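Peer 1: Dropping a structure here in structure tokens format, bear with me for questions.
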Amino acid sequence: MIENKGGTDRRTVLKALGTTTLVTTASGGLLGQAMPAFADTASGADQPRSVALFNFGWTFKNGDIANAQDPALDDSGWRKLDLPHDFQIEQPWDKSANKGRGFKTLGAAWYRKTFEADSRWKGKQVLLDFEGIMLSGDVWVNGKKVGGTAYGYLGFEADISDLIHYDGANVVAVRATTEGNSRWYTGGGLFRDVHLVVRNPVSIARHGIFVTTPVITANSAEVNVQVEVAGLQGKTDAIQINTKVFSPDGKLVASTSGPVPIPRNLPTAEVPMPKLDVADPQLWSVETPQLYTAEVELVAGDKVIDRMTKRFGIRTIEFSKEFGLHVNGKKVFLKGIANHDDLGAVGVAAYKTSIARMMDTIKAFGFNHIRTSHNPYSESFLDLADEKGLLIVDELYDKWGSTVAWAGSQPWNDVWFDNMKEWIKRDRNHPSVIMWSFGNELQFQETRWNWPTGDWGKTTYRIMDVVAKRYDPTRKTTVAMYPARANGIIKADPAFKIKENIVPPELATITDVAAFNYVWDDYQEYLKHAPDMIIYQSEAVTNELAAPYFGMDRDKMVGLAYWGAIEYWGESDGWPKKGWAYSFFNHAMQPFPQAWLTKSIFTDEPLVHIGVVDGEGESKMWNDVLVGQKVISSHWNRQEGKTYNIYTYTNADEVELLVNGRSIGVQKNSTDVRERNTIYWKDVPYAPGKITAVARTGGRIIAKHEIETTGKAVALMLETENPGWKADGMDLQYVKVYAVDSKGRKVSTAGGEVTFNVSGAARLIAVDNGDHWSDDLFSGNKKVLHNGFAMAILRSGQSAGAVKLEVSGAGLKGIAKTFQVT
């Protein structure tokens, strides 16, 4: 099984499968035509399992099309595209549409794909594996409905073995809809990977490998592997399971085997293998994300009938009220973000490259943690978190059973169990996942759940906890709390301010870890009432800057996640802003000056950074919390004769500010948790030239930051991000373009439209400039510079070759670059 699906190099997939064939369909100039699903070679036919990306060669039509599932429907006029795809991000911004949903019209769309079957599939199981359909969706094959998802953040597999035509074309049709009660932008369509799986009737079940490492010492690690086998109910065939463990560098380090026991009276049999011992284990951690691989084979007689691999990490996770969180016995404090899952200009389309650049950026600023608010993210997201060393709080829902905010197409009460089973089994082998979160903003609106238990959700949590621990007993569980007191007292209630009522919500006192959104200044008072709570700040507000971090007991508490640290679509507080923008990074992953504040508190790297106040921005109540953000930038192209307010973000003892070498003064870093690492300079007179911040600790200079007045923009400069661009049809190249002056300095005040022209072995899929207020879409090849910046996103084809990008702009010297896609 290739569980590492998001953008995995196809040659790696084939190597892992032990085959030289690949399920592909038409792409490039052949999009939409019927093509063989397997190459016509014998080498792949005898393999026990084949898994292939089914993302290429789809047709698409926006709108609800009558009888679009009919194989005879003529879709030759439909748009041709490859997955992943978010059809909603392509729709016009609509001022009259729901601002919470990102000013996008809700509705349905259809996808279709035609393929030919290989006769050697006969007698085997052929399955379509959809990782998700946003916001919900249904699937037909050759006119017959085969499955769907009522909660599109989770996937499913559909057995299509009996529906396949071996003497003609086969048609897959998918209807996706964005209609539902989500509170934020969800995107729409086939936004994650689809795979075609061919396997034997007796096989390893869906998400059927479970690896745990219960005992770890400096010299050895105990590795336990459980294998779930499907297709043997009532059968007495002798089946052997062989398991091998490979080290991060690919060496065989342990092996074991055992039989599938008889009798077999359930649809699947969960078989614990004899334990394995791995000598001198390489531990997975944030700093050293070492990954082992378990290979599992099912053997009947002398024939391998199934083979799958699963990556895992050897590491320990411990939570305690005394130390918060230990990873491998060492104290770790979570320094994180809580965000929705869209990725800027590509919407929610789960491109692995887009996820990787987001993770690389936040790690560079000292973050070590992401909470998946408020739903499971893609499998490629967790694969990358494993590889890069990020700690994940994996969240399943927003609300429980809510008739107001439940985003599913079927009642929550009907689907929660199957959702939890799919979610836990899918994600439980990822070492990056350290805790399960069952939901968000619970405990104070029980009448909205349609499942009232009369105890503020305690019974609901306990039921869900039993199910979670049935499929993974190794991790703690939690539920994120709305900023409310016990007995459902919210901030709007005058009783909220009475000290006697500063009592933790009932639900928080029974969860394994108590997760609170905001209210960090109440935690010590809460502990007086419930001293055994292990506290995690599941959402911290960005406009309080460093206070939520410094205000926690970092020795005894778990950590925090800043809400909306990256701009996301939806939950706008008014047109023309298209979403949440009280953030440390814009939606193009450019850091605002405040991002350097987080770096100053999250890392030991000595630093200072200058931010000039452009405006006081906004401040308002949201979810009973005061939110907002000043508009701050780091350039010195200002207006003559004016004064400016300035912030210097630093972890030094003091900062001296100089304008053209003349000292404005020296200020000490405050010890107040609400002001620490943030030094304010009022009414600094502007003079063209340079403004310099000099940071000192113990009288010694430890860091400097300087910004200077630039000349007029005269040319364009570009920067690329992906030096190892792969010709797998999935990999992206992000190209950032800046306006520069005659000395090559970036001119942040430059505007004007630029044009991107792409030719060769890639295509342009989006253009962006990071402006969250713009009414422009991301299609086409033109973009107006915003703060002197624009960006092109290119998607590789499936053939290696050269790609030429030319960028031009009126009054600016253009630039061209040739890339190689390999």
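Naming works like this for the structure tokens: A, B, ... for the chains as they're shown, residue 1 at the start of each chain, ligands 1 onward in shown order.
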Tell me which protein, DNA and RNA residues are within 12 Å of Lys330 in chain A, counting only C-alpha atoms, leaving out same-chain ones fewer than 2 positions away, and put them as a PyMOL selection string.
Peer 2: chain A and resi 285-287+315-319+323-328+332-333+555
Peer 1: Going by DSSP on the backbone, which bits of range 390-494 of chain A are alpha helix (DSSP H)? Write them as a PyMOL selection string, please.
Peer 2: chain A and resi 412-427+458-471
Peer 1: Could the residues in this selection be written to a file with N, CA and C atoms, as a PDB file, in the first residue's frame?
Peer 2:
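File again.pdb, as written:
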```pdb
ATOM      1  N   TRP A 412     -25.312  14.329  11.908  1.00  0.00           N
ATOM      2  CA  TRP A 412     -24.095  13.970  12.636  1.00  0.00           C
ATOM      3  C   TRP A 412     -24.298  12.682  13.420  1.00  0.00           C
ATOM      4  N   ASN A 413     -25.454  12.539  14.033  1.00  0.00           N
ATOM      5  CA  ASN A 413     -25.732  11.356  14.838  1.00  0.00           C
ATOM      6  C   ASN A 413     -25.595  10.069  14.029  1.00  0.00           C
ATOM      7  N   ASP A 414     -25.828  10.162  12.716  1.00  0.00           N
ATOM      8  CA  ASP A 414     -25.803   8.967  11.868  1.00  0.00           C
ATOM      9  C   ASP A 414     -24.413   8.619  11.361  1.00  0.00           C
ATOM     10  N   VAL A 415     -23.501   9.575  11.374  1.00  0.00           N
ATOM     11  CA  VAL A 415     -22.219   9.330  10.701  1.00  0.00           C
ATOM     12  C   VAL A 415     -20.995   9.428  11.610  1.00  0.00           C
ATOM     13  N   TRP A 416     -21.158   9.893  12.828  1.00  0.00           N
ATOM     14  CA  TRP A 416     -19.973  10.189  13.637  1.00  0.00           C
ATOM     15  C   TRP A 416     -19.119   8.949  13.899  1.00  0.00           C
ATOM     16  N   PHE A 417     -19.755   7.795  14.117  1.00  0.00           N
ATOM     17  CA  PHE A 417     -18.980   6.595  14.435  1.00  0.00           C
ATOM     18  C   PHE A 417     -18.104   6.191  13.247  1.00  0.00           C
ATOM     19  N   ASP A 418     -18.698   6.113  12.057  1.00  0.00           N
ATOM     20  CA  ASP A 418     -17.912   5.736  10.881  1.00  0.00           C
ATOM     21  C   ASP A 418     -16.846   6.782  10.577  1.00  0.00           C
ATOM     22  N   ASN A 419     -17.176   8.053  10.774  1.00  0.00           N
ATOM     23  CA  ASN A 419     -16.174   9.115  10.605  1.00  0.00           C
ATOM     24  C   ASN A 419     -14.982   8.886  11.514  1.00  0.00           C
ATOM     25  N   MET A 420     -15.252   8.616  12.784  1.00  0.00           N
ATOM     26  CA  MET A 420     -14.163   8.458  13.739  1.00  0.00           C
ATOM     27  C   MET A 420     -13.315   7.229  13.411  1.00  0.00           C
ATOM     28  N   LYS A 421     -13.947   6.162  13.014  1.00  0.00           N
ATOM     29  CA  LYS A 421     -13.215   4.946  12.666  1.00  0.00           C
ATOM     30  C   LYS A 421     -12.287   5.200  11.481  1.00  0.00           C
ATOM     31  N   GLU A 422     -12.789   5.829  10.420  1.00  0.00           N
ATOM     32  CA  GLU A 422     -11.970   6.132   9.248  1.00  0.00           C
ATOM     33  C   GLU A 422     -10.822   7.067   9.609  1.00  0.00           C
ATOM     34  N   TRP A 423     -11.122   8.100  10.391  1.00  0.00           N
ATOM     35  CA  TRP A 423     -10.142   9.123  10.770  1.00  0.00           C
ATOM     36  C   TRP A 423      -9.003   8.538  11.600  1.00  0.00           C
ATOM     37  N   ILE A 424      -9.351   7.823  12.661  1.00  0.00           N
ATOM     38  CA  ILE A 424      -8.325   7.279  13.552  1.00  0.00           C
ATOM     39  C   ILE A 424      -7.465   6.247  12.820  1.00  0.00           C
ATOM     40  N   LYS A 425      -8.098   5.327  12.106  1.00  0.00           N
ATOM     41  CA  LYS A 425      -7.338   4.281  11.421  1.00  0.00           C
ATOM     42  C   LYS A 425      -6.449   4.870  10.327  1.00  0.00           C
ATOM     43  N   ARG A 426      -6.939   5.908   9.658  1.00  0.00           N
ATOM     44  CA  ARG A 426      -6.145   6.535   8.601  1.00  0.00           C
ATOM     45  C   ARG A 426      -4.888   7.189   9.154  1.00  0.00           C
ATOM     46  N   ASP A 427      -4.990   7.849  10.314  1.00  0.00           N
ATOM     47  CA  ASP A 427      -3.931   8.739  10.793  1.00  0.00           C
ATOM     48  C   ASP A 427      -3.089   8.181  11.936  1.00  0.00           C
ATOM     49  N   LYS A 458     -20.252  15.930  28.499  1.00  0.00           N
ATOM     50  CA  LYS A 458     -19.361  14.957  29.123  1.00  0.00           C
ATOM     51  C   LYS A 458     -19.664  13.529  28.648  1.00  0.00           C
ATOM     52  N   THR A 459     -20.928  13.180  28.563  1.00  0.00           N
ATOM     53  CA  THR A 459     -21.289  11.838  28.130  1.00  0.00           C
ATOM     54  C   THR A 459     -20.909  11.626  26.671  1.00  0.00           C
ATOM     55  N   THR A 460     -21.155  12.636  25.831  1.00  0.00           N
ATOM     56  CA  THR A 460     -20.798  12.529  24.415  1.00  0.00           C
ATOM     57  C   THR A 460     -19.306  12.278  24.259  1.00  0.00           C
ATOM     58  N   TYR A 461     -18.514  13.052  24.972  1.00  0.00           N
ATOM     59  CA  TYR A 461     -17.059  12.870  24.903  1.00  0.00           C
ATOM     60  C   TYR A 461     -16.653  11.470  25.350  1.00  0.00           C
ATOM     61  N   ARG A 462     -17.244  11.005  26.429  1.00  0.00           N
ATOM     62  CA  ARG A 462     -16.844   9.691  26.950  1.00  0.00           C
ATOM     63  C   ARG A 462     -17.169   8.587  25.952  1.00  0.00           C
ATOM     64  N   ILE A 463     -18.299   8.697  25.265  1.00  0.00           N
ATOM     65  CA  ILE A 463     -18.637   7.698  24.243  1.00  0.00           C
ATOM     66  C   ILE A 463     -17.619   7.751  23.113  1.00  0.00           C
ATOM     67  N   MET A 464     -17.307   8.955  22.643  1.00  0.00           N
ATOM     68  CA  MET A 464     -16.356   9.101  21.550  1.00  0.00           C
ATOM     69  C   MET A 464     -14.959   8.641  21.970  1.00  0.00           C
ATOM     70  N   ASP A 465     -14.619   8.876  23.214  1.00  0.00           N
ATOM     71  CA  ASP A 465     -13.302   8.487  23.706  1.00  0.00           C
ATOM     72  C   ASP A 465     -13.142   6.968  23.702  1.00  0.00           C
ATOM     73  N   VAL A 466     -14.206   6.258  24.046  1.00  0.00           N
ATOM     74  CA  VAL A 466     -14.157   4.795  24.008  1.00  0.00           C
ATOM     75  C   VAL A 466     -13.884   4.320  22.577  1.00  0.00           C
ATOM     76  N   VAL A 467     -14.552   4.931  21.612  1.00  0.00           N
ATOM     77  CA  VAL A 467     -14.358   4.535  20.218  1.00  0.00           C
ATOM     78  C   VAL A 467     -12.937   4.862  19.765  1.00  0.00           C
ATOM     79  N   ALA A 468     -12.462   6.066  20.100  1.00  0.00           N
ATOM     80  CA  ALA A 468     -11.112   6.455  19.703  1.00  0.00           C
ATOM     81  C   ALA A 468     -10.073   5.484  20.256  1.00  0.00           C
ATOM     82  N   LYS A 469     -10.204   5.134  21.505  1.00  0.00           N
ATOM     83  CA  LYS A 469      -9.225   4.251  22.135  1.00  0.00           C
ATOM     84  C   LYS A 469      -9.390   2.799  21.696  1.00  0.00           C
ATOM     85  N   ARG A 470     -10.546   2.465  21.120  1.00  0.00           N
ATOM     86  CA  ARG A 470     -10.695   1.150  20.504  1.00  0.00           C
ATOM     87  C   ARG A 470      -9.727   1.001  19.326  1.00  0.00           C
ATOM     88  N   TYR A 471      -9.536   2.075  18.568  1.00  0.00           N
ATOM     89  CA  TYR A 471      -8.685   2.011  17.383  1.00  0.00           C
ATOM     90  C   TYR A 471      -7.293   2.571  17.600  1.00  0.00           C
TER      91      TYR A 471
END
```
Peer 1: Based on DSSP run over this structure's backbone, return all residues of range 115-290 of chain A in strand (DSSP E or B), as a ChimeraX atom specification.
Peer 2: /A:115-116,125-130,134,136-141,144-149,156-159,169-177,189,194-199,203-216,220-230,240-246,252-259,268-272,276-279,284,289
Peer 1: What's the 9 Å shell around Arg357 in chain A, counting only C-alpha atoms, without same-chain residues fewer than 4 positions away, as a PyMOL selection string?
Peer 2: chain A and resi 352-353+361-362+589+721
Peer 1: Output C-alpha atoms of each residue in that selection to a file, as a short mmCIF file (atom, residue, chain, number, x, y, z; two decimals), in the first residue's frame.
Peer 2:
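Saved as result.cif:
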```cif
data_model
loop_
_atom_site.label_atom_id
_atom_site.label_comp_id
_atom_site.auth_asym_id
_atom_site.auth_seq_id
_atom_site.Cartn_x
_atom_site.Cartn_y
_atom_site.Cartn_z
CA LYS A 352 1.89 18.54 -1.64
CA THR A 353 4.20 21.36 -2.79
CA THR A 361 7.91 28.81 6.24
CA ILE A 362 6.41 28.42 9.68
CA MET A 589 3.01 32.89 2.81
CA GLU A 721 11.38 27.84 -4.50
#
```
Peer 1: Can you list, as a JSON list (two decimals) with C-alpha atoms, in the first residue's frame, every protein, DNA or RNA residue that comes within 10 Å of Phe365 in chain A when you count only C-alpha atoms, leaving out same-chain residues fewer than 5 positions away?
Peer 2:
```json
[["chain", "number", "residue", "atom", "x", "y", "z"],
["A", 360, "ASP", "CA", 8.85, 25.17, 5.73],
["A", 591, "PRO", "CA", 5.51, 37.19, 6.56],
["A", 595, "ALA", "CA", 5.95, 37.15, 12.24],
["A", 596, "TRP", "CA", 9.38, 38.16, 13.50],
["A", 597, "LEU", "CA", 7.82, 38.66, 16.92],
["A", 598, "THR", "CA", 6.81, 35.00, 16.94],
["A", 599, "LYS", "CA", 10.33, 34.07, 15.87],
["A", 600, "SER", "CA", 11.74, 36.14, 18.74],
["A", 601, "ILE", "CA", 9.65, 34.23, 21.28],
["A", 602, "PHE", "CA", 9.81, 30.76, 19.68],
["A", 603, "THR", "CA", 13.55, 30.58, 18.98]]
```
